[in-house]
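The next block is data.cif, given as mmCIF, C-alpha atoms.
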data_start
loop_
_atom_site.label_atom_id
_atom_site.label_comp_id
_atom_site.auth_asym_id
_atom_site.auth_seq_id
_atom_site.Cartn_x
_atom_site.Cartn_y
_atom_site.Cartn_z
CA MET A 253 0.00 0.00 0.00
CA GLN A 254 1.36 3.39 -0.94
CA ARG A 255 2.32 5.48 2.04
CA ARG A 256 0.56 8.82 2.13
CA ALA A 257 1.32 12.05 3.90
CA PHE A 258 -0.78 12.94 6.93
CA VAL A 259 -0.90 16.71 7.07
CA LYS A 260 -2.86 18.98 9.35
CA THR A 261 -2.75 22.69 8.68
CA ILE A 262 -4.17 25.45 10.87
CA LEU A 263 -4.45 28.81 9.18
CA ALA A 264 -4.17 31.93 11.29
CA GLY A 265 -3.65 35.04 9.20
CA SER A 266 -0.41 34.50 7.34
CA SER A 267 0.90 31.91 9.79
CA VAL A 268 0.68 28.17 9.31
CA LEU A 269 1.08 25.83 12.28
CA LEU A 270 1.63 22.17 11.44
CA LEU A 271 1.61 19.11 13.62
CA PRO A 272 4.65 19.20 15.92
CA VAL A 273 7.57 16.87 15.36
CA SER A 274 9.62 15.52 18.25
CA LEU A 275 13.02 17.07 18.94
CA LYS A 276 15.55 15.86 21.49
CA ALA A 277 15.77 18.27 24.43
CA THR A 278 19.57 18.39 24.36
CA ALA A 279 22.11 17.75 21.64
CA PRO A 280 25.91 17.61 21.45
CA GLY A 281 27.50 20.89 20.55
CA GLY A 282 24.84 22.99 22.25
CA ARG A 283 22.01 24.16 20.00
CA GLN A 284 21.58 27.87 19.58
CA ARG A 285 19.17 29.83 17.42
CA LEU A 286 20.07 29.18 13.78
CA LYS A 287 19.30 31.97 11.31
CA PHE A 288 19.65 31.78 7.54
CA GLY A 289 18.38 33.40 4.37
CA VAL A 290 17.06 31.28 1.51
CA CYS A 291 16.05 31.91 -2.09
CA ALA A 292 15.24 29.61 -4.99
CA ASP A 293 14.91 29.56 -8.77
CA VAL A 294 16.20 33.03 -9.58
CA HIS A 295 16.69 31.90 -13.21
CA LYS A 296 19.32 34.39 -14.29
CA ASP A 297 19.21 32.94 -17.81
CA VAL A 298 15.45 33.59 -18.14
CA MET A 299 14.76 36.87 -16.31
CA HIS A 300 15.96 40.25 -17.59
CA ASP A 301 16.06 41.69 -14.07
CA ALA A 302 17.59 38.73 -12.24
CA ASP A 303 20.55 40.84 -11.09
CA SER A 304 18.38 43.40 -9.30
CA ARG A 305 16.25 40.64 -7.78
CA LEU A 306 19.29 38.92 -6.34
CA GLN A 307 20.73 42.24 -5.18
CA THR A 308 17.53 42.91 -3.20
CA PHE A 309 17.93 39.60 -1.39
CA ILE A 310 21.62 40.21 -0.66
CA ASP A 311 20.87 43.72 0.64
CA LYS A 312 18.16 42.40 2.97
CA ALA A 313 20.38 39.53 4.11
CA THR A 314 23.24 41.93 4.83
CA ASP A 315 20.97 43.92 7.15
CA ARG A 316 20.45 40.84 9.33
CA GLU A 317 22.70 38.77 11.54
CA LEU A 318 22.57 35.49 9.64
CA ASP A 319 24.59 32.32 10.03
CA PHE A 320 24.52 31.70 6.28
CA ILE A 321 22.55 32.19 3.08
CA ILE A 322 21.63 29.44 0.64
CA GLN A 323 20.17 29.38 -2.87
CA MET A 324 18.15 26.33 -3.85
CA GLY A 325 19.11 25.89 -7.51
CA ASP A 326 18.20 27.12 -11.01
CA PHE A 327 20.50 30.01 -10.24
CA CYS A 328 22.74 30.64 -13.27
CA ARG A 329 24.61 28.66 -15.89
CA PRO A 330 28.42 28.80 -15.90
CA TYR A 331 28.78 31.27 -18.76
CA ASP A 332 31.48 33.92 -18.54
CA TYR A 333 28.85 36.65 -18.95
CA ASN A 334 27.09 35.48 -15.76
CA ARG A 335 30.10 36.29 -13.57
CA ASP A 336 28.72 39.73 -12.67
CA PHE A 337 25.54 38.04 -11.43
CA LEU A 338 27.55 35.53 -9.41
CA ALA A 339 29.59 38.42 -7.99
CA ILE A 340 26.41 39.86 -6.45
CA TRP A 341 25.97 36.61 -4.50
CA ASN A 342 29.63 36.46 -3.55
CA HIS A 343 29.53 40.05 -2.30
CA PHE A 344 27.68 38.79 0.78
CA SER A 345 30.36 38.80 3.45
CA GLY A 346 28.99 35.87 5.44
CA GLU A 347 28.81 32.15 4.78
CA LYS A 348 27.21 31.16 1.46
CA HIS A 349 25.91 27.83 0.12
CA HIS A 350 24.57 26.51 -3.19
CA VAL A 351 22.21 23.73 -4.26
CA ILE A 352 22.36 22.55 -7.90
CA GLY A 353 19.13 22.81 -9.92
CA ASN A 354 18.20 20.96 -13.09
CA HIS A 355 18.44 24.07 -15.31
CA ASP A 356 21.92 25.03 -14.12
CA MET A 357 23.42 22.55 -16.60
CA ASP A 358 21.37 23.78 -19.59
CA GLY A 359 23.49 24.58 -22.61
CA GLY A 360 25.50 21.37 -22.36
CA PHE A 361 27.31 22.06 -19.08
CA SER A 362 28.24 19.29 -16.65
CA ARG A 363 27.50 19.32 -12.95
CA GLN A 364 31.22 19.49 -12.25
CA GLN A 365 31.46 22.68 -14.31
CA VAL A 366 28.66 24.20 -12.22
CA VAL A 367 30.34 23.08 -8.98
CA GLU A 368 33.61 24.72 -10.00
CA TYR A 369 31.98 27.89 -11.35
CA TRP A 370 30.00 28.48 -8.15
CA GLY A 371 32.84 27.41 -5.86
CA MET A 372 30.98 24.51 -4.24
CA PRO A 373 32.90 21.84 -2.30
CA SER A 374 30.91 19.16 -4.15
CA GLY A 375 27.46 18.58 -5.66
CA TYR A 376 26.35 17.21 -2.28
CA TYR A 377 27.95 17.94 1.08
CA SER A 378 27.21 18.76 4.72
CA PHE A 379 28.29 21.24 7.38
CA ASP A 380 27.58 22.03 11.03
CA LYS A 381 26.31 25.35 12.38
CA LYS A 382 25.00 26.42 15.78
CA GLY A 383 24.43 22.84 16.94
CA TYR A 384 22.65 21.73 13.74
CA HIS A 385 23.81 19.49 10.91
CA LEU A 386 22.96 20.88 7.45
CA ILE A 387 22.92 18.54 4.45
CA VAL A 388 22.87 19.64 0.80
CA LEU A 389 21.70 17.03 -1.72
CA ASP A 390 22.02 16.89 -5.51
CA GLY A 391 18.73 15.68 -6.97
CA ASN A 392 20.03 15.54 -10.53
CA ASP A 393 21.32 11.97 -10.64
CA LYS A 394 20.10 9.82 -13.51
CA ASN A 395 17.69 7.03 -12.68
CA PRO A 396 19.27 3.80 -14.01
CA SER A 397 15.85 2.16 -14.38
CA PRO A 398 14.50 1.77 -17.94
CA ASP A 399 11.17 2.96 -16.53
CA SER A 400 12.59 6.30 -15.37
CA ALA A 401 10.52 9.43 -15.90
CA PRO A 402 11.18 11.45 -19.08
CA GLY A 403 12.73 14.90 -19.09
CA TYR A 404 15.34 16.23 -16.69
CA ALA A 405 16.99 13.77 -14.32
CA HIS A 406 15.52 13.98 -10.80
CA PHE A 407 16.87 11.13 -8.71
CA ILE A 408 19.21 10.37 -5.80
CA GLY A 409 21.66 7.76 -7.04
CA GLN A 410 23.00 4.84 -5.02
CA GLU A 411 26.39 6.43 -4.35
CA GLN A 412 24.80 9.61 -3.02
CA GLU A 413 22.24 7.64 -1.02
CA GLU A 414 25.00 5.63 0.67
CA TRP A 415 26.84 8.87 1.40
CA LEU A 416 23.67 10.34 2.92
CA LYS A 417 23.16 7.29 5.11
CA ALA A 418 26.75 7.45 6.38
CA ASP A 419 26.58 11.21 6.87
CA LEU A 420 23.43 10.94 9.00
CA ARG A 421 25.03 8.20 11.11
CA SER A 422 28.12 10.35 11.66
CA THR A 423 26.26 13.04 13.65
CA GLU A 424 24.03 13.24 16.69
CA LEU A 425 22.91 16.79 15.85
CA PRO A 426 19.42 17.66 14.58
CA CYS A 427 19.56 17.64 10.76
CA ILE A 428 18.08 19.91 8.10
CA LEU A 429 18.25 18.89 4.43
CA PHE A 430 18.28 21.05 1.28
CA SER A 431 17.54 19.80 -2.23
CA HIS A 432 16.38 21.44 -5.44
CA GLN A 433 13.60 18.98 -6.24
CA ALA A 434 11.19 18.11 -3.44
CA LEU A 435 11.11 14.91 -1.42
CA ASP A 436 7.40 15.10 -0.61
CA ASN A 437 4.32 14.27 -2.66
CA ASN A 438 4.48 16.79 -5.48
CA LYS A 439 4.71 16.48 -9.24
CA ASP A 440 8.29 16.20 -10.56
CA ARG A 441 9.64 15.41 -7.10
CA ILE A 442 12.77 13.30 -6.75
CA GLU A 443 11.81 9.98 -8.35
CA ASN A 444 12.92 7.82 -5.43
CA SER A 445 11.67 10.30 -2.83
CA GLU A 446 9.74 7.63 -0.89
CA GLN A 447 12.93 5.58 -0.58
CA ILE A 448 14.87 8.62 0.65
CA ARG A 449 12.11 9.58 3.09
CA GLU A 450 12.16 6.04 4.48
CA LEU A 451 15.92 6.40 4.99
CA LEU A 452 15.34 9.61 6.95
CA GLU A 453 12.51 8.13 8.99
CA LYS A 454 14.57 5.03 9.78
CA GLU A 455 17.36 7.27 11.06
CA ASN A 456 14.85 9.03 13.31
CA ARG A 457 13.58 5.71 14.67
CA MET A 458 17.11 4.52 15.40
CA ALA A 459 17.99 7.82 17.08
CA GLY A 460 14.85 7.73 19.23
CA PHE A 461 13.93 11.33 18.40
CA SER A 462 13.37 13.50 15.31
CA LYS A 463 16.99 13.71 14.28
CA VAL A 464 15.93 14.86 10.80
CA ILE A 465 13.56 17.75 11.45
CA ALA A 466 13.06 19.43 8.06
CA CYS A 467 13.76 19.25 4.32
CA PHE A 468 13.78 22.44 2.21
CA SER A 469 13.37 22.45 -1.57
CA GLY A 470 12.78 24.77 -4.53
CA HIS A 471 12.14 23.73 -8.17
CA HIS A 472 8.33 23.69 -8.03
CA HIS A 473 7.87 27.48 -7.82
CA ILE A 474 5.20 27.14 -5.13
CA ASP A 475 4.80 28.11 -1.48
CA TYR A 476 3.94 25.05 0.59
CA ALA A 477 4.78 23.15 3.75
CA SER A 478 3.78 19.68 4.91
CA SER A 479 4.53 17.21 7.68
CA ILE A 480 5.12 13.55 6.77
CA ASN A 481 5.80 11.04 9.53
CA GLY A 482 7.38 13.60 11.83
CA ILE A 483 9.49 15.50 9.26
CA TYR A 484 8.63 18.91 7.79
CA TYR A 485 8.90 19.46 4.04
CA ILE A 486 9.12 23.15 3.15
CA GLN A 487 9.03 24.37 -0.43
CA ILE A 488 10.51 27.78 -1.23
CA ASN A 489 8.76 29.66 -4.03
CA SER A 490 10.74 30.97 -6.98
CA MET A 491 12.32 34.37 -6.58
CA SER A 492 11.08 35.29 -10.05
CA TYR A 493 8.06 33.55 -11.60
CA GLN A 494 5.84 30.55 -12.27
CA TRP A 495 5.90 28.80 -15.65
CA LEU A 496 2.54 28.76 -17.49
CA GLY A 497 3.55 27.44 -20.93
CA ASP A 498 2.83 28.16 -24.57
CA LYS A 499 -0.97 28.28 -24.29
CA TYR A 500 -0.81 31.22 -21.86
CA LYS A 501 2.16 33.16 -23.25
CA THR A 502 1.89 36.94 -22.85
CA ILE A 503 4.38 39.75 -23.33
CA ARG A 504 4.77 40.95 -19.74
CA TYR A 505 7.21 43.82 -20.03
CA SER A 506 7.96 45.10 -23.55
CA LYS A 507 8.64 43.83 -27.07
CA GLU A 508 12.29 44.78 -26.65
CA ILE A 509 12.67 42.68 -23.49
CA ASP A 510 10.72 39.85 -25.09
CA GLU A 511 13.11 39.78 -28.05
CA SER A 512 16.13 39.53 -25.76
CA TYR A 513 14.58 37.22 -23.13
CA GLU A 514 12.38 34.89 -25.12
CA TRP A 515 11.23 32.67 -22.25
CA ILE A 516 9.62 35.35 -20.06
CA LYS A 517 6.38 35.41 -22.08
CA TYR A 518 5.75 31.78 -21.08
CA THR A 519 5.82 32.74 -17.39
CA VAL A 520 3.88 34.86 -14.94
CA PRO A 521 6.58 36.91 -13.17
CA TYR A 522 6.40 38.23 -9.62
CA LYS A 523 6.73 42.02 -9.42
CA ASN A 524 9.11 41.88 -6.44
CA PRO A 525 11.61 39.12 -5.68
CA LEU A 526 10.55 36.40 -3.26
CA PHE A 527 12.84 34.98 -0.58
CA ALA A 528 12.67 34.02 3.08
CA PHE A 529 14.54 34.27 6.35
CA VAL A 530 14.41 31.23 8.61
CA GLU A 531 15.01 30.86 12.34
CA VAL A 532 15.34 27.45 13.97
CA ASP A 533 15.50 26.77 17.69
CA GLN A 534 14.49 23.85 19.91
CA ASN A 535 10.84 24.95 19.86
CA ARG A 536 10.06 25.88 16.26
CA ILE A 537 11.03 26.61 12.68
CA LYS A 538 9.99 30.16 11.85
CA THR A 539 9.86 31.32 8.23
CA GLU A 540 9.53 35.01 7.39
CA GLY A 541 8.58 35.41 3.74
CA VAL A 542 7.75 38.11 1.19
CA LYS A 543 4.46 38.93 -0.52
CA SER A 544 4.38 40.39 -4.03
CA SER A 545 1.98 40.56 -7.02
CA PHE A 546 1.93 39.36 -10.62
CA VAL A 547 3.36 41.34 -13.53
CA GLY A 548 0.58 41.53 -16.11
CA PRO A 549 -2.51 39.31 -16.15
CA SER A 550 -2.85 36.68 -13.44
CA PRO A 551 -3.11 32.98 -14.30
CA GLU A 552 -6.83 33.12 -13.48
CA ALA A 553 -7.34 36.03 -15.89
CA LEU A 554 -5.73 33.94 -18.64
CA GLY A 555 -7.97 30.96 -17.91
CA TYR A 556 -5.21 28.89 -16.34
CA PRO A 557 -6.68 25.80 -14.60
CA GLU A 558 -7.34 26.11 -10.87
CA GLN A 559 -4.61 24.39 -8.89
CA PRO A 560 -4.89 22.34 -5.67
CA GLU A 561 -3.94 24.01 -2.40
CA ASN A 562 -0.49 22.42 -2.35
CA ASN A 563 0.34 23.47 -5.92
CA LYS A 564 -1.12 26.96 -6.30
CA THR A 565 0.57 29.69 -8.30
CA THR A 566 0.92 32.54 -5.83
CA PRO A 567 3.31 35.52 -5.69
CA GLU A 568 4.34 35.04 -2.07
CA ILE A 569 6.16 33.06 0.55
CA LYS A 570 4.01 32.92 3.67
CA ASN A 571 5.15 33.51 7.22
CA ARG A 572 5.09 30.16 9.04
CA LYS A 573 5.73 28.85 12.53
CA LEU A 574 6.29 25.10 12.58
CA ARG A 575 6.32 23.64 16.07
CA LEU A 576 9.04 21.29 17.26
CA LYS A 577 7.81 19.15 20.13
CA GLN A 578 10.33 18.50 22.91
#
I need this file expressed as structure tokens, please.
Amino acid sequence: MQRRAFVKTILAGSSVLLLPVSLKATAPGGRQRLKFGVCADVHKDVMHDADSRLQTFIDKATDRELDFIIQMGDFCRPYDYNRDFLAIWNHFSGEKHHVIGNHDMDGGFSRQQVVEYWGMPSGYYSFDKKGYHLIVLDGNDKNPSPDSAPGYAHFIGQEQEEWLKADLRSTELPCILFSHQALDNNKDRIENSEQIRELLEKENRMAGFSKVIACFSGHHHIDYASSINGIYYIQINSMSYQWLGDKYKTIRYSKEIDESYEWIKYTVPYKNPLFAFVEVDQNRIKTEGVKSSFVGPSPEALGYPEQPENNKTTPEIKNRKLRLKQ
């Protein structure tokens, strides 16, 4: 029988409180309040104003006392002419981390080229901060099965899965995971997401507490959070837009911009960039997001099909408080 997510959501204004997950009262290293900034799917190679969008995020992040910032993929391809864009990110004086997205290799680039261009230690890696263990995954492995889904690769291969298992066993700290594609029940999620979730849940059972407390992802360009078997899955909306496709293409800015940036007309852009600041302590995960509006006609105005609650096109990242039960 297919395992299904059990999610309970309580709406209170812009806050969303989900069922609490269990967190060990004490942990080696001494947990403190962890603060980080996160953005996803900037799409430098699609948006004409990607530089100013990223600059807004960096400016806001610089005004805060953060432990690190992280971008969740579909950031920029390793072209020489994107170095000015990358320099905006690197101008942040604090700790910076990357997650590889499926579009970052467009144009025939390899993942290793992206890793080197961005200055990543590897496509997947981990680090400790403030008494938490942070794990970055690469969801772009190829599924070896002949029945794999078409399109972009979205899979965690055996070598990476074994690394993840060993990495989780190597720490007693509460863990937070980051991947481009989601691990929960959404379209185009990581193909073997149920297998990876079972790995995480097994680690929690062996530890006797919620060692893995949350998994963040981008890719889907939606704002959504769920709780599956004691682990939160938090999706970070795109900084820039949602893709609508050929049937709903509209020139959003000008003919001149459309000629230079041919893919924008297939999207519904957000007027202001979306990003979030996250605080984690032993009691909760708090997400402070941004609310914007659409540029040009909304999806509804164009007759775009109504989407389910967990897959809606919306120009915002909600404020959320996700409880962590002691």
Practice prompt. Using the chain letters and numbering of this document, enumerate as a ChimeraX atom specification the residues selected by the PyMOL selection byres ((chain A and resi 349) around 12).
Written response: /A:288-292,319-325,327,341-342,344,346-348,350-352,367,370-379,386-389,430-431
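Coordinates place atom CA of His473 of chain A at a distance of 8.1 Å from atom CA of Gln487 of chain A.
Shortest separation to Lys381 of chain A among A:Thr423, A:Ser469, A:Asn481, A:Gln284 occurs at residue A:Gln284, atoms counted being all atoms listed in the file.
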Fill in: Selection result of the PyMOL selection byres ((chain A and resi 472) around 10) on this file, as a ChimeraX atom specification
/A:292-293,432-434,438-441,469-471,473-476,487-490,494-495,563,565
Discussion item. I'd like to know which of A:Thr314, A:Trp415, A:Val298, A:Lys538 is closest to Lys517 of chain A, using only C-alpha atoms.
Written reply: A:Val298
Fill in: d(atom CA of Asp380 of chain A, atom CA of Cys427 of chain A) in Å
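Computing the Euclidean distance for atom CA of Asp380 of chain A and atom CA of Cys427 of chain A yields 9.1 Å.
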Item to complete: Mind checking which residues fall within 8 Å of Lys543 of chain A, counting all atoms listed in the file, ignoring those fewer than 5 positions away in the same chain, and posting them as a list in words?
Response: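 My list of contacting residues is Leu526, Pro567, Glu568, Ile569 and Lys570 of chain A.
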Exactly which residues make up the result of the PyMOL selection byres ((chain A and resi 445) around 9) on this file, given as a PDB file with C-alpha atoms, in the frame of the given file?
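Saved result, out_27.pdb, follows:
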ATOM      1  CA  PHE A 407      16.870  11.130  -8.710  1.00  0.00           C
ATOM      2  CA  ILE A 408      19.210  10.370  -5.800  1.00  0.00           C
ATOM      3  CA  ALA A 434      11.190  18.110  -3.440  1.00  0.00           C
ATOM      4  CA  LEU A 435      11.110  14.910  -1.420  1.00  0.00           C
ATOM      5  CA  ASP A 436       7.400  15.100  -0.610  1.00  0.00           C
ATOM      6  CA  ASN A 437       4.320  14.270  -2.660  1.00  0.00           C
ATOM      7  CA  ARG A 441       9.640  15.410  -7.100  1.00  0.00           C
ATOM      8  CA  ILE A 442      12.770  13.300  -6.750  1.00  0.00           C
ATOM      9  CA  GLU A 443      11.810   9.980  -8.350  1.00  0.00           C
ATOM     10  CA  ASN A 444      12.920   7.820  -5.430  1.00  0.00           C
ATOM     11  CA  GLU A 446       9.740   7.630  -0.890  1.00  0.00           C
ATOM     12  CA  GLN A 447      12.930   5.580  -0.580  1.00  0.00           C
ATOM     13  CA  ILE A 448      14.870   8.620   0.650  1.00  0.00           C
ATOM     14  CA  ARG A 449      12.110   9.580   3.090  1.00  0.00           C
ATOM     15  CA  GLU A 450      12.160   6.040   4.480  1.00  0.00           C
TER      16      GLU A 450
END
Worksheet item: In terms of the shortest atom-to-atom distance over all atoms listed in the file, which of A:Gly383, A:Phe527, A:Asn354, A:Gln364 is closest to Gly403 of chain A?
Response: A:Asn354
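In this comparison, which uses only C-alpha atoms, the residue of A:Glu552, A:Asp315, A:Asp510, A:Asp533 approaching Arg285 of chain A most closely is A:Asp533.
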Worksheet entry | Separation of atom CA of Leu574 of chain A from atom CA of Glu424 of chain A in Å |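 Distance between the two atoms: 21.7 Å.
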Worksheet item: With only C-alpha atoms as the basis for distance, which of A:Lys499, A:His343, A:Val520, A:Ser362 is at the shortest distance from Ala313 of chain A?
Response: A:His343
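Comparing A:Glu531, A:Lys577, A:Ser478, A:Ser544 by their smallest distance to Glu561 of chain A, the closest is A:Ser478 (using all atoms listed in the file).
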Quick one: segment 282-298 of chain A with N, CA, C and O atoms, as a compact mmCIF listing (two decimals), in the frame of the given file?
# COMPACT_ATOMS: atom_id res chain seq x y z
N GLY A 282 25.61 21.88 21.71
CA GLY A 282 24.84 22.99 22.25
C GLY A 282 24.09 23.76 21.18
O GLY A 282 24.65 24.59 20.49
N ARG A 283 22.80 23.46 21.01
CA ARG A 283 22.01 24.16 20.00
C ARG A 283 21.78 25.60 20.40
O ARG A 283 21.46 25.91 21.52
N GLN A 284 21.92 26.47 19.43
CA GLN A 284 21.58 27.87 19.58
C GLN A 284 20.52 28.20 18.53
O GLN A 284 20.09 27.31 17.78
N ARG A 285 20.12 29.45 18.45
CA ARG A 285 19.17 29.83 17.42
C ARG A 285 19.90 29.96 16.09
O ARG A 285 20.83 30.73 15.96
N LEU A 286 19.47 29.18 15.11
CA LEU A 286 20.07 29.18 13.78
C LEU A 286 19.27 30.12 12.88
O LEU A 286 18.04 30.03 12.82
N LYS A 287 19.97 31.00 12.18
CA LYS A 287 19.30 31.97 11.31
C LYS A 287 19.94 31.92 9.92
O LYS A 287 21.16 32.04 9.80
N PHE A 288 19.10 31.77 8.90
CA PHE A 288 19.65 31.78 7.54
C PHE A 288 18.65 32.37 6.56
O PHE A 288 17.44 32.39 6.79
N GLY A 289 19.19 32.88 5.46
CA GLY A 289 18.38 33.40 4.37
C GLY A 289 18.35 32.40 3.23
O GLY A 289 19.36 31.73 2.95
N VAL A 290 17.20 32.28 2.57
CA VAL A 290 17.06 31.28 1.51
C VAL A 290 16.29 31.86 0.33
O VAL A 290 15.31 32.60 0.50
N CYS A 291 16.76 31.55 -0.87
CA CYS A 291 16.05 31.91 -2.09
C CYS A 291 16.14 30.74 -3.05
O CYS A 291 16.99 29.85 -2.89
N ALA A 292 15.28 30.73 -4.06
CA ALA A 292 15.24 29.61 -4.99
C ALA A 292 14.86 30.09 -6.39
O ALA A 292 14.13 31.07 -6.54
N ASP A 293 15.37 29.39 -7.39
CA ASP A 293 14.91 29.56 -8.77
C ASP A 293 14.89 31.02 -9.22
O ASP A 293 13.89 31.54 -9.68
N VAL A 294 16.04 31.65 -9.09
CA VAL A 294 16.20 33.03 -9.58
C VAL A 294 16.12 33.04 -11.10
O VAL A 294 15.54 33.94 -11.70
N HIS A 295 16.70 32.04 -11.75
CA HIS A 295 16.69 31.90 -13.21
C HIS A 295 17.30 33.11 -13.90
O HIS A 295 16.65 33.81 -14.69
N LYS A 296 18.58 33.32 -13.64
CA LYS A 296 19.32 34.39 -14.29
C LYS A 296 19.19 34.31 -15.81
O LYS A 296 19.09 35.34 -16.50
N ASP A 297 19.19 33.11 -16.36
CA ASP A 297 19.21 32.94 -17.81
C ASP A 297 17.82 33.02 -18.43
O ASP A 297 17.66 32.80 -19.63
N VAL A 298 16.81 33.36 -17.63
CA VAL A 298 15.45 33.59 -18.14
C VAL A 298 15.03 35.04 -17.91
O VAL A 298 14.50 35.69 -18.82
